[in-house]
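Enquirer: Please find structure_10.csv (CSV, N, CA and C atoms) on the next line:
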chain,number,residue,atom,x,y,z
A,1,MET,N,-11.0,28.7,11.2
A,1,MET,CA,-11.7,27.7,10.5
A,1,MET,C,-10.8,27.3,9.3
A,2,THR,N,-10.6,26.0,9.2
A,2,THR,CA,-9.8,25.4,8.2
A,2,THR,C,-10.6,25.3,6.9
A,3,SER,N,-9.9,25.5,5.8
A,3,SER,CA,-10.5,25.4,4.5
A,3,SER,C,-10.4,24.0,4.0
A,4,ALA,N,-11.2,23.6,3.0
A,4,ALA,CA,-11.2,22.3,2.4
A,4,ALA,C,-9.8,22.0,1.9
A,5,LEU,N,-9.2,23.0,1.3
A,5,LEU,CA,-7.8,22.9,0.7
A,5,LEU,C,-6.8,22.5,1.8
A,6,GLU,N,-6.9,23.2,3.0
A,6,GLU,CA,-6.0,22.9,4.1
A,6,GLU,C,-6.2,21.5,4.6
A,7,ARG,N,-7.5,21.1,4.7
A,7,ARG,CA,-7.8,19.7,5.1
A,7,ARG,C,-7.2,18.7,4.2
A,8,ARG,N,-7.4,18.9,2.9
A,8,ARG,CA,-6.8,18.0,1.9
A,8,ARG,C,-5.3,17.9,2.0
A,9,ARG,N,-4.7,19.1,2.1
A,9,ARG,CA,-3.2,19.1,2.3
A,9,ARG,C,-2.8,18.3,3.5
A,10,ALA,N,-3.4,18.5,4.6
A,10,ALA,CA,-3.1,17.8,5.9
A,10,ALA,C,-3.3,16.3,5.7
A,11,THR,N,-4.3,15.9,5.0
A,11,THR,CA,-4.6,14.5,4.8
A,11,THR,C,-3.5,13.9,3.9
A,12,PHE,N,-3.1,14.6,2.8
A,12,PHE,CA,-2.0,14.2,1.9
A,12,PHE,C,-0.7,14.0,2.7
A,13,LEU,N,-0.4,15.0,3.5
A,13,LEU,CA,0.9,14.9,4.2
A,13,LEU,C,0.9,13.8,5.2
A,14,ARG,N,-0.3,13.5,5.9
A,14,ARG,CA,-0.4,12.4,6.8
A,14,ARG,C,-0.2,11.1,6.1
A,15,GLY,N,-0.8,11.0,4.9
A,15,GLY,CA,-0.6,9.8,4.1
A,15,GLY,C,0.8,9.6,3.6
A,16,HIS,N,1.4,10.7,3.2
A,16,HIS,CA,2.8,10.6,2.7
A,16,HIS,C,3.7,10.2,3.9
A,17,ARG,N,3.5,10.7,5.0
A,17,ARG,CA,4.3,10.4,6.2
A,17,ARG,C,4.1,8.9,6.6
A,18,ALA,N,2.9,8.4,6.5
A,18,ALA,CA,2.5,7.1,6.9
A,18,ALA,C,3.2,6.1,5.9
A,19,GLU,N,3.3,6.5,4.6
A,19,GLU,CA,4.0,5.6,3.6
A,19,GLU,C,5.5,5.5,3.9
A,20,TRP,N,6.1,6.6,4.3
A,20,TRP,CA,7.5,6.5,4.7
A,20,TRP,C,7.7,5.6,5.9
A,21,ILE,N,6.9,5.8,6.9
A,21,ILE,CA,7.0,5.0,8.1
A,21,ILE,C,6.8,3.5,7.8
A,22,ALA,N,5.8,3.2,6.9
A,22,ALA,CA,5.5,1.8,6.5
A,22,ALA,C,6.7,1.2,5.8
A,23,LEU,N,7.3,2.1,4.9
A,23,LEU,CA,8.5,1.6,4.1
A,23,LEU,C,9.7,1.3,5.0
A,24,LEU,N,10.0,2.2,5.9
A,24,LEU,CA,11.1,1.9,6.9
A,24,LEU,C,10.8,0.7,7.7
A,25,PHE,N,9.6,0.5,8.1
A,25,PHE,CA,9.2,-0.7,8.9
A,25,PHE,C,9.4,-2.0,8.1
A,26,LEU,N,9.0,-1.9,6.8
A,26,LEU,CA,9.2,-3.1,6.0
A,26,LEU,C,10.7,-3.4,5.7
A,27,VAL,N,11.4,-2.3,5.5
A,27,VAL,CA,12.9,-2.5,5.2
A,27,VAL,C,13.5,-3.2,6.4
A,28,MET,N,13.1,-2.8,7.6
A,28,MET,CA,13.7,-3.4,8.8
A,28,MET,C,13.3,-4.9,8.9
A,29,LYS,N,12.2,-5.3,8.2
A,29,LYS,CA,11.8,-6.7,8.2
A,29,LYS,C,12.4,-7.4,7.0
A,30,GLY,N,13.3,-6.8,6.3
A,30,GLY,CA,14.0,-7.5,5.2
A,30,GLY,C,13.5,-7.3,3.8
A,31,TYR,N,12.5,-6.4,3.6
A,31,TYR,CA,12.0,-6.1,2.3
A,31,TYR,C,12.8,-5.0,1.6
A,32,ARG,N,12.9,-5.1,0.3
A,32,ARG,CA,13.6,-4.1,-0.5
A,32,ARG,C,12.6,-3.3,-1.3
A,33,PRO,N,12.7,-2.0,-1.3
A,33,PRO,CA,11.7,-1.2,-2.1
A,33,PRO,C,11.9,-1.3,-3.6
A,34,LEU,N,10.8,-1.4,-4.3
A,34,LEU,CA,10.9,-1.4,-5.8
A,34,LEU,C,10.2,-0.1,-6.3
A,35,ALA,N,9.1,0.3,-5.7
A,35,ALA,CA,8.4,1.5,-6.1
A,35,ALA,C,7.6,2.1,-5.0
A,36,ARG,N,7.3,3.4,-5.1
A,36,ARG,CA,6.4,4.1,-4.2
A,36,ARG,C,5.4,4.9,-5.0
A,37,ARG,N,4.2,4.9,-4.5
A,37,ARG,CA,3.1,5.6,-5.2
A,37,ARG,C,3.0,5.4,-6.6
A,38,TYR,N,2.9,4.1,-7.0
A,38,TYR,CA,2.8,3.7,-8.4
A,38,TYR,C,1.3,3.9,-8.8
A,39,ALA,N,1.1,4.7,-9.8
A,39,ALA,CA,-0.3,5.0,-10.2
A,39,ALA,C,-0.5,4.6,-11.7
A,40,ALA,N,-1.5,3.8,-12.0
A,40,ALA,CA,-1.8,3.4,-13.3
A,40,ALA,C,-3.2,2.8,-13.4
A,41,SER,N,-3.8,2.9,-14.5
A,41,SER,CA,-5.2,2.3,-14.8
A,41,SER,C,-6.2,2.7,-13.8
A,42,GLY,N,-6.1,4.0,-13.3
A,42,GLY,CA,-7.1,4.5,-12.3
A,42,GLY,C,-6.9,4.0,-10.9
A,43,GLY,N,-5.8,3.3,-10.6
A,43,GLY,CA,-5.5,2.8,-9.3
A,43,GLY,C,-4.1,3.3,-8.8
A,44,GLU,N,-3.9,3.1,-7.5
A,44,GLU,CA,-2.6,3.4,-7.0
A,44,GLU,C,-2.1,2.3,-6.0
A,45,ILE,N,-0.8,2.0,-6.1
A,45,ILE,CA,-0.2,1.1,-5.1
A,45,ILE,C,0.7,2.0,-4.3
A,46,ASP,N,0.5,2.0,-3.0
A,46,ASP,CA,1.4,2.8,-2.1
A,46,ASP,C,2.8,2.4,-2.2
A,47,LEU,N,3.1,1.1,-2.0
A,47,LEU,CA,4.4,0.6,-2.0
A,47,LEU,C,4.5,-0.7,-2.7
A,48,ILE,N,5.6,-0.9,-3.4
A,48,ILE,CA,5.9,-2.2,-4.0
A,48,ILE,C,7.3,-2.6,-3.5
A,49,VAL,N,7.3,-3.8,-2.8
A,49,VAL,CA,8.5,-4.2,-2.2
A,49,VAL,C,8.8,-5.7,-2.6
A,50,VAL,N,10.0,-6.2,-2.3
A,50,VAL,CA,10.3,-7.6,-2.7
A,50,VAL,C,11.1,-8.1,-1.5
A,51,ARG,N,10.9,-9.4,-1.2
A,51,ARG,CA,11.7,-10.1,-0.3
A,51,ARG,C,11.8,-11.6,-0.8
A,52,GLY,N,13.0,-12.0,-1.1
A,52,GLY,CA,13.2,-13.3,-1.7
A,52,GLY,C,12.5,-13.4,-3.0
A,53,ASP,N,11.7,-14.4,-3.2
A,53,ASP,CA,11.0,-14.5,-4.5
A,53,ASP,C,9.6,-13.9,-4.5
A,54,THR,N,9.3,-13.2,-3.5
A,54,THR,CA,7.9,-12.6,-3.4
A,54,THR,C,7.9,-11.1,-3.6
A,55,ILE,N,7.0,-10.7,-4.5
A,55,ILE,CA,6.8,-9.3,-4.7
A,55,ILE,C,5.5,-8.9,-4.0
A,56,VAL,N,5.6,-7.9,-3.2
A,56,VAL,CA,4.5,-7.5,-2.3
A,56,VAL,C,4.0,-6.1,-2.7
A,57,PHE,N,2.7,-6.1,-3.0
A,57,PHE,CA,2.0,-4.8,-3.3
A,57,PHE,C,1.3,-4.4,-2.0
A,58,VAL,N,1.7,-3.2,-1.5
A,58,VAL,CA,1.3,-2.8,-0.2
A,58,VAL,C,0.3,-1.6,-0.2
A,59,GLU,N,-0.8,-1.7,0.5
A,59,GLU,CA,-1.7,-0.6,0.8
A,59,GLU,C,-1.4,-0.1,2.2
A,60,VAL,N,-1.2,1.2,2.3
A,60,VAL,CA,-0.9,1.8,3.6
A,60,VAL,C,-2.1,2.6,4.0
A,61,LYS,N,-2.5,2.4,5.3
A,61,LYS,CA,-3.6,3.2,5.8
A,61,LYS,C,-3.2,3.8,7.1
A,62,ALA,N,-3.4,5.1,7.2
A,62,ALA,CA,-3.2,5.8,8.4
A,62,ALA,C,-4.5,6.2,9.0
A,63,ARG,N,-4.7,5.8,10.2
A,63,ARG,CA,-6.0,6.1,10.9
A,63,ARG,C,-5.7,6.5,12.3
A,64,GLY,N,-6.7,7.2,12.9
A,64,GLY,CA,-6.6,7.6,14.3
A,64,GLY,C,-6.6,6.4,15.2
A,65,LEU,N,-7.4,5.4,14.9
A,65,LEU,CA,-7.4,4.1,15.6
A,65,LEU,C,-7.1,3.0,14.7
A,66,MET,N,-6.4,2.0,15.2
A,66,MET,CA,-6.1,0.8,14.3
A,66,MET,C,-7.3,0.0,13.9
A,67,ASP,N,-8.3,0.0,14.7
A,67,ASP,CA,-9.5,-0.8,14.4
A,67,ASP,C,-10.2,-0.4,13.1
A,68,GLY,N,-10.2,0.8,12.7
A,68,GLY,CA,-10.9,1.2,11.5
A,68,GLY,C,-10.1,1.1,10.2
A,69,ALA,N,-8.8,0.7,10.3
A,69,ALA,CA,-8.0,0.7,9.2
A,69,ALA,C,-8.3,-0.4,8.1
A,70,LEU,N,-8.6,-1.6,8.6
A,70,LEU,CA,-8.9,-2.7,7.7
A,70,LEU,C,-10.2,-2.5,6.9
A,71,SER,N,-11.1,-1.9,7.5
A,71,SER,CA,-12.4,-1.7,6.9
A,71,SER,C,-12.3,-0.6,5.8
A,72,ALA,N,-11.2,0.2,5.9
A,72,ALA,CA,-11.0,1.3,4.9
A,72,ALA,C,-10.6,0.7,3.6
A,73,ILE,N,-10.2,-0.5,3.5
A,73,ILE,CA,-9.9,-1.1,2.2
A,73,ILE,C,-11.1,-1.8,1.6
A,74,THR,N,-11.9,-0.9,0.9
A,74,THR,CA,-13.2,-1.3,0.4
A,74,THR,C,-13.0,-2.2,-0.9
A,75,ALA,N,-14.1,-2.8,-1.3
A,75,ALA,CA,-14.1,-3.6,-2.5
A,75,ALA,C,-13.7,-2.8,-3.7
A,76,ARG,N,-14.2,-1.5,-3.8
A,76,ARG,CA,-13.8,-0.6,-4.9
A,76,ARG,C,-12.3,-0.4,-4.9
A,77,LYS,N,-11.7,-0.1,-3.7
A,77,LYS,CA,-10.3,0.1,-3.5
A,77,LYS,C,-9.5,-1.1,-4.0
A,78,ARG,N,-10.0,-2.3,-3.6
A,78,ARG,CA,-9.3,-3.6,-4.0
A,78,ARG,C,-9.3,-3.7,-5.6
A,79,GLN,N,-10.4,-3.4,-6.2
A,79,GLN,CA,-10.5,-3.5,-7.7
A,79,GLN,C,-9.5,-2.5,-8.3
A,80,ARG,N,-9.5,-1.3,-7.9
A,80,ARG,CA,-8.6,-0.3,-8.5
A,80,ARG,C,-7.1,-0.7,-8.2
A,81,PHE,N,-6.8,-1.1,-7.0
A,81,PHE,CA,-5.5,-1.6,-6.6
A,81,PHE,C,-5.1,-2.7,-7.5
A,82,SER,N,-6.0,-3.7,-7.7
A,82,SER,CA,-5.7,-4.9,-8.6
A,82,SER,C,-5.4,-4.5,-10.0
A,83,ARG,N,-6.2,-3.5,-10.5
A,83,ARG,CA,-5.9,-3.0,-11.9
A,83,ARG,C,-4.5,-2.4,-12.0
A,84,ALA,N,-4.1,-1.6,-11.0
A,84,ALA,CA,-2.8,-1.1,-11.0
A,84,ALA,C,-1.7,-2.2,-10.9
A,85,VAL,N,-1.9,-3.2,-10.2
A,85,VAL,CA,-1.0,-4.3,-10.1
A,85,VAL,C,-0.9,-5.0,-11.4
A,86,ARG,N,-2.0,-5.3,-12.1
A,86,ARG,CA,-1.9,-5.9,-13.4
A,86,ARG,C,-1.1,-5.0,-14.4
A,87,THR,N,-1.3,-3.7,-14.4
A,87,THR,CA,-0.5,-2.8,-15.2
A,87,THR,C,0.9,-2.9,-14.9
A,88,TRP,N,1.3,-2.9,-13.6
A,88,TRP,CA,2.7,-2.9,-13.2
A,88,TRP,C,3.3,-4.2,-13.7
A,89,LEU,N,2.6,-5.3,-13.5
A,89,LEU,CA,3.1,-6.6,-14.0
A,89,LEU,C,3.3,-6.7,-15.5
A,90,THR,N,2.5,-6.1,-16.3
A,90,THR,CA,2.7,-6.1,-17.7
A,90,THR,C,3.9,-5.2,-18.1
A,91,ARG,N,4.3,-4.3,-17.3
A,91,ARG,CA,5.4,-3.4,-17.6
A,91,ARG,C,6.7,-4.0,-17.0
A,92,ASN,N,6.6,-5.0,-16.2
A,92,ASN,CA,7.8,-5.6,-15.5
A,92,ASN,C,7.7,-7.1,-15.7
A,93,ASP,N,8.1,-7.5,-16.9
A,93,ASP,CA,8.0,-9.0,-17.3
A,93,ASP,C,8.8,-9.9,-16.4
A,94,TRP,N,9.9,-9.4,-15.8
A,94,TRP,CA,10.7,-10.2,-15.0
A,94,TRP,C,10.0,-10.7,-13.7
A,95,ALA,N,8.9,-9.9,-13.4
A,95,ALA,CA,8.2,-10.2,-12.1
A,95,ALA,C,7.1,-11.3,-12.3
A,96,ARG,N,6.8,-11.6,-13.5
A,96,ARG,CA,5.7,-12.6,-13.8
A,96,ARG,C,5.9,-13.9,-13.2
A,97,SER,N,7.2,-14.4,-13.1
A,97,SER,CA,7.4,-15.7,-12.6
A,97,SER,C,7.6,-15.7,-11.1
A,98,ARG,N,7.4,-14.6,-10.4
A,98,ARG,CA,7.5,-14.5,-9.0
A,98,ARG,C,6.2,-14.8,-8.3
A,99,THR,N,6.2,-14.9,-7.0
A,99,THR,CA,5.0,-15.0,-6.2
A,99,THR,C,4.6,-13.5,-5.9
A,100,TRP,N,3.3,-13.3,-5.9
A,100,TRP,CA,2.8,-11.9,-5.6
A,100,TRP,C,1.7,-12.0,-4.5
A,101,ARG,N,1.6,-10.9,-3.8
A,101,ARG,CA,0.6,-10.9,-2.8
A,101,ARG,C,0.3,-9.4,-2.4
A,102,ALA,N,-0.9,-9.2,-1.8
A,102,ALA,CA,-1.3,-7.9,-1.4
A,102,ALA,C,-1.3,-7.8,0.1
A,103,ASP,N,-0.4,-7.0,0.6
A,103,ASP,CA,-0.4,-6.8,2.1
A,103,ASP,C,-0.9,-5.4,2.4
A,104,ALA,N,-1.1,-5.2,3.7
A,104,ALA,CA,-1.5,-3.9,4.2
A,104,ALA,C,-0.6,-3.5,5.4
A,105,VAL,N,-0.3,-2.2,5.5
A,105,VAL,CA,0.4,-1.7,6.7
A,105,VAL,C,-0.5,-0.6,7.3
A,106,PHE,N,-0.9,-0.8,8.6
A,106,PHE,CA,-1.7,0.2,9.2
A,106,PHE,C,-0.9,1.0,10.2
A,107,ILE,N,-1.1,2.3,10.1
A,107,ILE,CA,-0.4,3.2,11.0
A,107,ILE,C,-1.4,4.0,11.8
A,108,ALA,N,-1.1,4.0,13.1
A,108,ALA,CA,-1.9,4.8,14.1
A,108,ALA,C,-1.0,5.5,15.0
A,109,PRO,N,-1.4,6.7,15.5
A,109,PRO,CA,-0.5,7.4,16.4
A,109,PRO,C,-0.1,6.6,17.7
A,110,ARG,N,1.1,6.8,18.0
A,110,ARG,CA,1.7,6.2,19.2
A,110,ARG,C,1.5,4.6,19.3
A,111,ARG,N,1.5,4.0,18.1
A,111,ARG,CA,1.4,2.5,18.0
A,111,ARG,C,2.5,2.1,17.0
A,112,TRP,N,3.0,0.8,17.2
A,112,TRP,CA,3.8,0.2,16.2
A,112,TRP,C,3.0,0.0,14.9
A,113,PRO,N,3.6,0.1,13.7
A,113,PRO,CA,2.8,-0.2,12.5
A,113,PRO,C,2.4,-1.7,12.6
A,114,GLN,N,1.2,-2.0,12.0
A,114,GLN,CA,0.7,-3.3,12.0
A,114,GLN,C,0.8,-3.8,10.5
A,115,HIS,N,1.5,-4.9,10.3
A,115,HIS,CA,1.7,-5.4,8.9
A,115,HIS,C,0.8,-6.6,8.8
A,116,ILE,N,-0.1,-6.6,7.9
A,116,ILE,CA,-1.0,-7.7,7.6
A,116,ILE,C,-0.6,-8.4,6.3
A,117,VAL,N,-0.1,-9.6,6.4
A,117,VAL,CA,0.4,-10.4,5.2
A,117,VAL,C,-0.9,-10.9,4.6
A,118,SER,N,-0.9,-10.8,3.2
A,118,SER,CA,-2.0,-11.3,2.4
A,118,SER,C,-3.4,-10.7,3.0
A,119,ALA,N,-3.4,-9.4,3.1
A,119,ALA,CA,-4.5,-8.7,3.7
A,119,ALA,C,-5.8,-8.9,2.8
A,120,PHE,N,-5.6,-9.0,1.5
A,120,PHE,CA,-6.7,-9.2,0.6
A,120,PHE,C,-6.2,-9.9,-0.6
A,121,GLU,N,-7.2,-10.5,-1.4
A,121,GLU,CA,-6.8,-11.2,-2.6
A,121,GLU,C,-6.7,-10.2,-3.8
A,122,LEU,N,-5.7,-10.4,-4.6
A,122,LEU,CA,-5.6,-9.6,-5.8
A,122,LEU,C,-6.6,-10.1,-6.8
A,123,GLU,N,-7.3,-9.3,-7.5
A,123,GLU,CA,-8.3,-9.7,-8.5
A,123,GLU,C,-7.5,-9.8,-9.9
A,124,MET,N,-7.1,-11.0,-10.2
A,124,MET,CA,-6.3,-11.2,-11.4
A,124,MET,C,-7.1,-12.1,-12.4
A,125,PRO,N,-7.0,-11.7,-13.7
A,125,PRO,CA,-7.8,-12.4,-14.7
A,125,PRO,C,-7.3,-13.9,-14.9
The structure in this file should be written as structure tokens.
Expert:
Amino acid sequence: MTSALERRRATFLRGHRAEWIALLFLVMKGYRPLARRYAASGGEIDLIVVRGDTIVFVEVKARGLMDGALSAITARKRQRFSRAVRTWLTRNDWARSRTWRADAVFIAPRRWPQHIVSAFELEMP
């Protein structure tokens, strides 16, 4: 019988591995990494990447089936994610004049990663 601690550790490692897969996938598409696992203001951004004049804040979701991944980005998750984006932008003035968007990358076993451009709107004041 697995303990709660073992399950949490397995979930953490699965998420960590999914983020690396997503990052490699995005690099192959021409994105350059700026940050991984940026946490601030009670939220976390899995990946921050840039391509051209666009800064992309990426939510990575690893699921057993691809179908359940998009529904995993709840309204609460979007609020916390947007708060972290606002904090990152205040700490990186050079980025204010760029275009920003929130993408998602979904990872499922034995499937190519699925990159959703503008997966959800950032909640900006």
Enquirer: Between A:Ala4, A:Val27, A:Ala104, A:Ala75, which is the closest to A:Phe57 once you count only N, CA and C atoms?
Expert: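 For A:Phe57, the nearest of the candidates is A:Ala104.
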Enquirer: Within 8 Å of (-6.2, -3.2, -8.5), in the coordinates the file gives, what residues turn up when you count only N, CA and C atoms, written out as a tab-separated table (two decimals) with N, CA and C atoms, in the frame of the given file?
Expert:
chain	number	residue	atom	x	y	z
A	41	SER	N	-3.80	2.90	-14.50
A	41	SER	CA	-5.20	2.30	-14.80
A	41	SER	C	-6.20	2.70	-13.80
A	42	GLY	N	-6.10	4.00	-13.30
A	42	GLY	CA	-7.10	4.50	-12.30
A	42	GLY	C	-6.90	4.00	-10.90
A	43	GLY	N	-5.80	3.30	-10.60
A	43	GLY	CA	-5.50	2.80	-9.30
A	43	GLY	C	-4.10	3.30	-8.80
A	44	GLU	N	-3.90	3.10	-7.50
A	44	GLU	CA	-2.60	3.40	-7.00
A	44	GLU	C	-2.10	2.30	-6.00
A	45	ILE	N	-0.80	2.00	-6.10
A	45	ILE	CA	-0.20	1.10	-5.10
A	45	ILE	C	0.70	2.00	-4.30
A	76	ARG	N	-14.20	-1.50	-3.80
A	76	ARG	CA	-13.80	-0.60	-4.90
A	76	ARG	C	-12.30	-0.40	-4.90
A	77	LYS	N	-11.70	-0.10	-3.70
A	77	LYS	CA	-10.30	0.10	-3.50
A	77	LYS	C	-9.50	-1.10	-4.00
A	78	ARG	N	-10.00	-2.30	-3.60
A	78	ARG	CA	-9.30	-3.60	-4.00
A	78	ARG	C	-9.30	-3.70	-5.60
A	79	GLN	N	-10.40	-3.40	-6.20
A	79	GLN	CA	-10.50	-3.50	-7.70
A	79	GLN	C	-9.50	-2.50	-8.30
A	80	ARG	N	-9.50	-1.30	-7.90
A	80	ARG	CA	-8.60	-0.30	-8.50
A	80	ARG	C	-7.10	-0.70	-8.20
A	81	PHE	N	-6.80	-1.10	-7.00
A	81	PHE	CA	-5.50	-1.60	-6.60
A	81	PHE	C	-5.10	-2.70	-7.50
A	82	SER	N	-6.00	-3.70	-7.70
A	82	SER	CA	-5.70	-4.90	-8.60
A	82	SER	C	-5.40	-4.50	-10.00
A	83	ARG	N	-6.20	-3.50	-10.50
A	83	ARG	CA	-5.90	-3.00	-11.90
A	83	ARG	C	-4.50	-2.40	-12.00
A	84	ALA	N	-4.10	-1.60	-11.00
A	84	ALA	CA	-2.80	-1.10	-11.00
A	84	ALA	C	-1.70	-2.20	-10.90
A	85	VAL	N	-1.90	-3.20	-10.20
A	85	VAL	CA	-1.00	-4.30	-10.10
A	85	VAL	C	-0.90	-5.00	-11.40
A	86	ARG	N	-2.00	-5.30	-12.10
A	86	ARG	CA	-1.90	-5.90	-13.40
A	86	ARG	C	-1.10	-5.00	-14.40
A	87	THR	N	-1.30	-3.70	-14.40
A	87	THR	CA	-0.50	-2.80	-15.20
A	87	THR	C	0.90	-2.90	-14.90
A	122	LEU	N	-5.70	-10.40	-4.60
A	122	LEU	CA	-5.60	-9.60	-5.80
A	122	LEU	C	-6.60	-10.10	-6.80
A	123	GLU	N	-7.30	-9.30	-7.50
A	123	GLU	CA	-8.30	-9.70	-8.50
A	123	GLU	C	-7.50	-9.80	-9.90
Enquirer: Write down as a PyMOL selection string the residues belonging to chain A that are assigned helix (DSSP H, G or I) by DSSP computed on the backbone.
Expert: chain A and resi 4-28+66-68+70-72+75-91+93-95
Enquirer: Calculate how many Å separate atom C of A:Trp20 from atom CA of A:Leu89, rounding to one decimal.
Expert: 23.8 Å
Enquirer: Suppose you want the space between atom C of A:Ala62 and atom N of A:Arg9; what is it in Å?
Expert: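 Rounded to one decimal, the two atoms are 14.6 Å apart.
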Enquirer: How many Å lie between atom N of A:Ile21 and atom N of A:Trp94, rounded to one decimal?
Expert: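 Straight-line distance from atom N of A:Ile21 to atom N of A:Trp94 works out to 27.5 Å.
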Enquirer: Measuring between only C-alpha atoms, which one of A:Pro125, A:Pro113, A:Gly64, A:Gly52 shows the shortest distance to A:Arg32?
Expert: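 Among the listed residues, the smallest separation from A:Arg32 belongs to A:Gly52.
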Enquirer: Under the rule that only C-alpha atoms are counted, which of A:Arg14, A:Arg8, A:Arg96, A:Arg101 is the nearest residue to A:Val60?
Expert: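 Among the listed residues, the smallest separation from A:Val60 belongs to A:Arg14.
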Enquirer: Return the single residue from A:Leu34, A:Ile73, A:Ala95, A:Val105 that is closest to A:Val58, with distances computed using only N, CA and C atoms.
Expert: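 Result for the nearest residue to A:Val58: A:Val105.
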Enquirer: Would you return as a PyMOL selection string the members of chain A that DSSP assigns to strand (DSSP E or B) on this structure's backbone?
Expert: chain A and resi 32-40+43-51+54-62+99-107+114-120
Enquirer: If we count all atoms listed in the file, what is near A:Asp103 at a cut-off of 8 Å, once residues fewer than 4 positions away on the same chain are taken out, given as a list in words?
Expert: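 The neighbour list is Ile55, Val56, Phe57, Val58, Glu59, Val60, His115, Ile116, Val117, Ser118, Ala119, Phe120 and Glu121 of chain A.
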Enquirer: Excluding A:Ala35 and any residue of its chain fewer than 6 positions from it, enumerate the residues within 8 Å of it, using all atoms listed in the file, and give them as a list of chain:residue names.
Expert: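 Residues meeting the cut-off are A:Ile45, A:Asp46, A:Leu47, A:Ile48, A:Val49, A:Val50.
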